[in-house]
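**Student:** One structure, pasted below without further comment.
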Amino acid sequence: MSSRLSEAYKTRPVHLHHRHLDITSLQELPDSHAWSQVDEYSAAAGGLRRGDSFVSENVPVIDLHDPNVLQLIGHACKTWGVFQVINHGIPTSLLDKTESTSRNLFSLPIEQKLKASRSPDGISGYGFATISSFFSKLMWSEGFTIAGSPLDHFRQLWPQDYANHCDVIEEYDKEMKKLAGRMMWLMLDSLGITKRDVKWAGPKGKFEDACSAALRLNYYPACPDPDRAMGLAAHTDSTLLTILYQNSTSGLQVLKEGNGWVTVPPIPGGLVVIIGDLLHMMSNGSYTSVLHRAVVNRSKDRLSIACLYGPPTSVQISPFPKLVDPSHPPLYRPITWHEYLGTKAKHFNEALSSVRICSPDDSNFNDDFVCFPRKKA
Ligand SMILES: O=C(O)CCC(=O)C(=O)O
Ligand SMILES: [Fe+2]
């Protein structure tokens with residue numbers, strides 16, 4: 001499956017013409033990395049600035065053994081589009097091992113990391129976040145994406161010592177896919193969707209057999225001027241869902257209507273679940289694909305590991321018919337993940353609205369409901 005995900009990337013090369021700078025050793029923020037202005041998405045959210053964390057609400061933490069887990073998840077998906085899970089069954093020892101492999105990777109000399117660079121038409125390898133192409137300033141981070149086997153790249157990074165690192169990543173990938181499949185069913189169950197409604201998951205509804213996942217390791221070095229730097233700019237994920245491990249340094253923030261940017265605090269052994277654009281479309285807009293970003297820290301570095309989970313790349317994704325009726329018309333046209341990745345590469349944070357066919361201006365469908373294409377004035 002992952003090789004098909006790589007195919008989707010081959011058709012839309014991302015050229016990042018930035019010189020690679022070893023930011024870990026810098027004592028001052030270079031102009032290339034100075035985001036002096038509040039970024040446009042904060043402005044769009046009512047002019048809230050990065051420091052405006054006057055927030056009283058917290059991102060939900062859900063125990064997967066809670067008897068009310070479905071209601072809790074449904075509520076979190078609707079109101080936040082993000083939540084943390086505990087009691088998820090992934091052993092802490094695996095999280096620790098994967099963190100230590102990731103740290104080992106990013107602490108290699110830059111020349112060594114560049115040997116495993118991502119090619120413009122590839123998905124896997126070392127480099128800047130692909131969303132960098134939408135910004136004139138560089139982000140204060142390094143990334144490494146793994147889709148399919150990490151073997152070839154890991155041989156470049158650790159010629160003597162790659163096998164152990166490969167084993168760790170492969171085990172993490174396998175466990176994350178299992179958890180992502182389980183999370184998918186919890187989220188769909190809470191919408192009243194059953195196995196019969198998701199034909200592409202097969203009669204047993206086994207998402208893990210059908211879905212693809214990529215892992216993205218993100219490293220944010222300590223930064224001499226964190227208020228003017230951006231770890232990872234605001235974006236929504238082009239996935240069904242993303243499961244994120246973050247180490248003990250906070251940095252992930254989500255945009256909550258009426259609250260501004262809310263920090264998702266690291267909790268020991270916890271994992272963050274983020275709703276992606278595709279699940280938002282399938283839920284006909286009822287589950288929020290949350291805008292999120294990573295900010296950086298003056299004295300501590302930070303590491304995160306994202307499992308980006310999506311459907312088979314050629315399956316048409318559209319609002320579930322069960323969730324559509326005359327008062328809830330479909331908000332999105334059908335689209336494959338392959339096509340959506342192309343749309344995202346072109347329109348970035350406008351991608352979702354470019355797939356939209358109806359606007360929920362009025363939740364009680366009536367004459368005010370705006371369906372596209374709008375008539376030209
Ligand atoms: O590092 C983080 O907390 C965010 C990472 C992220 O959003 C991503 O990899 O898509
Ligand atoms: Fe993300």
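Just so we're on the same page: first chain in the structure tokens is A, next is B, and so on; residues restart at 1 for each chain, and ligands are numbered from 1 in the order they show up.
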Could you list, as an NGL selection string, all residues that come within 10 Å of ligand 1? Count only C-alpha atoms and all ligand atoms.
**Tutor:** :A and (129 or 131 or 141 or 143-145 or 215-220 or 231-239 or 242-247 or 249-254 or 263-264 or 266 or 272 or 274 or 276 or 291-296 or 302-308)
**Student:** When you look at Ser32 in chain A with a cut-off of 12 Å (counting only C-alpha atoms), what residues show up, excluding the ones that are within fewer than 4 positions of it in the same chain? I need them as a VMD selection string.
**Tutor:** chain A and resid 18 to 21 23 28 36 135 to 140 228 to 230
**Student:** Give me a file of those residues, with N, CA and C atoms, as a PDB file, in the first residue's frame.
**Tutor:**
```pdb
ATOM      1  N   HIS A  18      15.995  25.219  -0.965  1.00  0.00           N
ATOM      2  CA  HIS A  18      16.630  25.858   0.179  1.00  0.00           C
ATOM      3  C   HIS A  18      17.945  25.166   0.470  1.00  0.00           C
ATOM      4  N   ARG A  19      18.903  25.979   0.843  1.00  0.00           N
ATOM      5  CA  ARG A  19      20.188  25.429   1.244  1.00  0.00           C
ATOM      6  C   ARG A  19      19.981  24.795   2.621  1.00  0.00           C
ATOM      7  N   HIS A  20      20.563  23.639   2.837  1.00  0.00           N
ATOM      8  CA  HIS A  20      20.408  23.014   4.150  1.00  0.00           C
ATOM      9  C   HIS A  20      21.378  23.623   5.134  1.00  0.00           C
ATOM     10  N   LEU A  21      20.842  24.099   6.218  1.00  0.00           N
ATOM     11  CA  LEU A  21      21.628  24.780   7.214  1.00  0.00           C
ATOM     12  C   LEU A  21      21.527  23.929   8.473  1.00  0.00           C
ATOM     13  N   ILE A  23      20.802  23.971  11.755  1.00  0.00           N
ATOM     14  CA  ILE A  23      20.267  24.967  12.691  1.00  0.00           C
ATOM     15  C   ILE A  23      20.593  24.623  14.151  1.00  0.00           C
ATOM     16  N   GLU A  28      22.025  32.502  16.998  1.00  0.00           N
ATOM     17  CA  GLU A  28      21.082  33.577  16.685  1.00  0.00           C
ATOM     18  C   GLU A  28      20.141  33.093  15.612  1.00  0.00           C
ATOM     19  N   SER A  36       8.653  37.238  11.471  1.00  0.00           N
ATOM     20  CA  SER A  36       8.381  38.402  12.308  1.00  0.00           C
ATOM     21  C   SER A  36       6.885  38.652  12.475  1.00  0.00           C
ATOM     22  N   PHE A 135       5.866  28.890   1.986  1.00  0.00           N
ATOM     23  CA  PHE A 135       6.287  29.999   2.859  1.00  0.00           C
ATOM     24  C   PHE A 135       7.637  30.550   2.429  1.00  0.00           C
ATOM     25  N   SER A 136       7.812  31.869   2.620  1.00  0.00           N
ATOM     26  CA  SER A 136       9.100  32.453   2.245  1.00  0.00           C
ATOM     27  C   SER A 136      10.136  32.226   3.354  1.00  0.00           C
ATOM     28  N   LYS A 137       9.677  32.017   4.574  1.00  0.00           N
ATOM     29  CA  LYS A 137      10.606  31.772   5.672  1.00  0.00           C
ATOM     30  C   LYS A 137      10.725  30.273   5.955  1.00  0.00           C
ATOM     31  N   LEU A 138      11.877  29.897   6.462  1.00  0.00           N
ATOM     32  CA  LEU A 138      12.092  28.476   6.769  1.00  0.00           C
ATOM     33  C   LEU A 138      11.614  28.139   8.173  1.00  0.00           C
ATOM     34  N   MET A 139      11.278  26.862   8.353  1.00  0.00           N
ATOM     35  CA  MET A 139      10.801  26.447   9.678  1.00  0.00           C
ATOM     36  C   MET A 139      11.969  25.926  10.510  1.00  0.00           C
ATOM     37  N   TRP A 140      11.811  26.044  11.807  1.00  0.00           N
ATOM     38  CA  TRP A 140      12.868  25.627  12.736  1.00  0.00           C
ATOM     39  C   TRP A 140      12.682  24.140  13.049  1.00  0.00           C
ATOM     40  N   ARG A 228      10.028  34.325  17.507  1.00  0.00           N
ATOM     41  CA  ARG A 228      10.022  34.737  16.097  1.00  0.00           C
ATOM     42  C   ARG A 228      10.229  33.546  15.155  1.00  0.00           C
ATOM     43  N   ALA A 229      10.291  32.348  15.728  1.00  0.00           N
ATOM     44  CA  ALA A 229      10.525  31.165  14.880  1.00  0.00           C
ATOM     45  C   ALA A 229       9.266  30.307  14.808  1.00  0.00           C
ATOM     46  N   MET A 230       9.179  29.473  13.792  1.00  0.00           N
ATOM     47  CA  MET A 230       8.030  28.582  13.621  1.00  0.00           C
ATOM     48  C   MET A 230       8.568  27.157  13.425  1.00  0.00           C
TER      49      MET A 230
END
```
**Student:** At a cut-off of 12 Å, using only C-alpha atoms, what residues contact Asp189 in chain A? Leave out same-chain residues fewer than 4 positions from it and give the result as a ChimeraX atom specification.
**Tutor:** /A:69-74,182-185,193-198,205,283
**Student:** Compare A:Thr98, A:Asn349, A:Ser359, A:Asn68 by their minimum atom-to-atom distance to ligand 2, counting only C-alpha atoms and all ligand atoms, and give me the closest one.
**Tutor:** A:Asn349
**Student:** When you look at Asp173 in chain A with a cut-off of 9 Å (counting only C-alpha atoms), what residues show up, excluding the ones that are within fewer than 4 positions of it in the same chain? I need them as a list in words.
**Tutor:**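 The neighbour list is Val168, Ile169, Lys177, Lys178, Ala213, Ala214, Leu215 and Cys307 of chain A.
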**Student:** Those same residues, written as a CSV table (one decimal), in the first residue's frame with all heavy atoms?
**Tutor:**
```csv
chain,number,residue,atom,x,y,z
A,168,VAL,N,13.1,-1.5,14.9
A,168,VAL,CA,12.3,-0.6,15.8
A,168,VAL,C,11.2,0.1,15.0
A,168,VAL,O,10.0,0.1,15.4
A,168,VAL,CB,13.2,0.4,16.5
A,168,VAL,CG1,12.4,1.4,17.2
A,168,VAL,CG2,14.2,-0.3,17.4
A,169,ILE,N,11.6,0.7,13.9
A,169,ILE,CA,10.6,1.5,13.1
A,169,ILE,C,9.5,0.6,12.5
A,169,ILE,O,8.4,0.9,12.5
A,169,ILE,CB,11.4,2.2,12.0
A,169,ILE,CG1,12.3,3.3,12.5
A,169,ILE,CG2,10.4,2.8,10.9
A,169,ILE,CD1,11.5,4.5,13.2
A,177,LYS,N,-0.4,1.2,13.0
A,177,LYS,CA,-1.4,0.9,12.0
A,177,LYS,C,-2.6,0.1,12.7
A,177,LYS,O,-3.7,0.4,12.4
A,177,LYS,CB,-0.9,0.0,10.9
A,177,LYS,CG,-0.2,0.8,9.8
A,177,LYS,CD,0.1,-0.1,8.6
A,177,LYS,CE,1.0,0.6,7.7
A,177,LYS,NZ,2.0,-0.3,7.1
A,178,LYS,N,-2.2,-0.8,13.6
A,178,LYS,CA,-3.3,-1.5,14.4
A,178,LYS,C,-4.1,-0.5,15.2
A,178,LYS,O,-5.3,-0.5,15.2
A,178,LYS,CB,-2.6,-2.5,15.3
A,178,LYS,CG,-2.6,-3.9,14.7
A,178,LYS,CD,-2.4,-4.9,15.9
A,178,LYS,CE,-1.0,-5.3,16.0
A,178,LYS,NZ,-0.6,-6.1,17.2
A,213,ALA,N,0.0,3.9,5.6
A,213,ALA,CA,0.4,4.9,6.6
A,213,ALA,C,1.8,5.3,6.3
A,213,ALA,O,2.6,4.5,5.7
A,213,ALA,CB,0.4,4.2,8.0
A,214,ALA,N,2.2,6.5,6.6
A,214,ALA,CA,3.6,6.9,6.5
A,214,ALA,C,3.9,7.4,7.9
A,214,ALA,O,3.1,7.9,8.6
A,214,ALA,CB,3.7,8.0,5.5
A,215,LEU,N,5.2,7.3,8.3
A,215,LEU,CA,5.6,7.9,9.5
A,215,LEU,C,6.4,9.1,9.2
A,215,LEU,O,7.3,9.1,8.3
A,215,LEU,CB,6.5,6.9,10.3
A,215,LEU,CG,5.9,5.6,10.8
A,215,LEU,CD1,7.0,4.7,11.5
A,215,LEU,CD2,4.7,5.8,11.7
A,307,CYS,N,2.1,9.3,12.8
A,307,CYS,CA,1.7,8.3,11.9
A,307,CYS,C,0.5,8.8,11.1
A,307,CYS,O,-0.5,9.1,11.6
A,307,CYS,CB,1.2,7.0,12.7
A,307,CYS,SG,0.5,5.8,11.7
```
**Student:** Report, in Å to a single decimal, how far apart CA of Ile267 in chain A and CA of Gly81 in chain A are.
**Tutor:**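 A separation of 18.2 Å between them.
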**Student:** Write out as a VMD selection string all residues of range 109-194 of chain A that DSSP puts in strand (DSSP E) for this structure's backbone.
**Tutor:** chain A and resid 125 to 127 142 to 146
**Student:** DSSP on the backbone, alpha helix (DSSP H) only: what residues of range 12-183 of chain A does that give? Format it as a PyMOL selection string.
**Tutor:** chain A and resi 40-44+69-79+92-106+110-114+151-157+162-183
**Student:** With only C-alpha atoms as the counted atoms, please give the residues lying no more than 10 Å from Thr101 in chain A, apart from itself and same-chain residues fewer than 4 positions off, as a PyMOL selection string.
**Tutor:** chain A and resi 96-97+105-107+164-166+168-169
**Student:** Taking into account only C-alpha atoms, which residue in the set A:Lys256, A:Tyr172, A:Ser133, A:Tyr126 is nearest to Leu94 in chain A?
**Tutor:** A:Tyr172
**Student:** Pick out the residues sitting within 10 Å of Leu323 in chain A, and hand them over as a list in words; count only C-alpha atoms, and ignore anything fewer than 2 positions along from it in its own chain.
**Tutor:**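 After dropping sequence-adjacent residues, the list is Leu191, Gly192, Ile193, Met282, Ser283, Asn284, Gly285, Ser286, Pro319, Phe320, Pro321, Asp325, His328, Pro329 and Pro330 of chain A.
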**Student:** Check the smallest atom-to-atom distance from each of A:Cys77, A:Val82, A:Leu108, A:Cys211 to ligand 2 using only C-alpha atoms and all ligand atoms, then report the winner.
**Tutor:**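 Comparing A:Cys77, A:Val82, A:Leu108, A:Cys211 against ligand 2, the winner is A:Val82.
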**Student:** Between CA of His338 in chain A and CA of Glu7 in chain A, what is the spacing in Å?
**Tutor:**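 Those two atoms sit 8.5 Å apart.
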**Student:** Counting only C-alpha atoms and all ligand atoms, which residue out of A:Leu114, A:Ser289, A:Tyr162, A:His88 sits closest to ligand 2?
**Tutor:**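 Ranked by minimum distance to ligand 2, first place goes to A:Ser289.
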**Student:** Please determine, counting only C-alpha atoms and all ligand atoms, which residue among A:Tyr332, A:Trp80, A:Tyr309, A:Trp200 has the shortest atom-to-atom distance to ligand 2.
**Tutor:** A:Tyr309
**Student:** For a quick check of understanding, using only C-alpha atoms and all ligand atoms, which of A:Ser25, A:Ser248, A:Thr130, A:Thr343 has the smallest distance to ligand 2?
**Tutor:**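 Of the candidates, the smallest distance to ligand 2 is held by A:Thr130.
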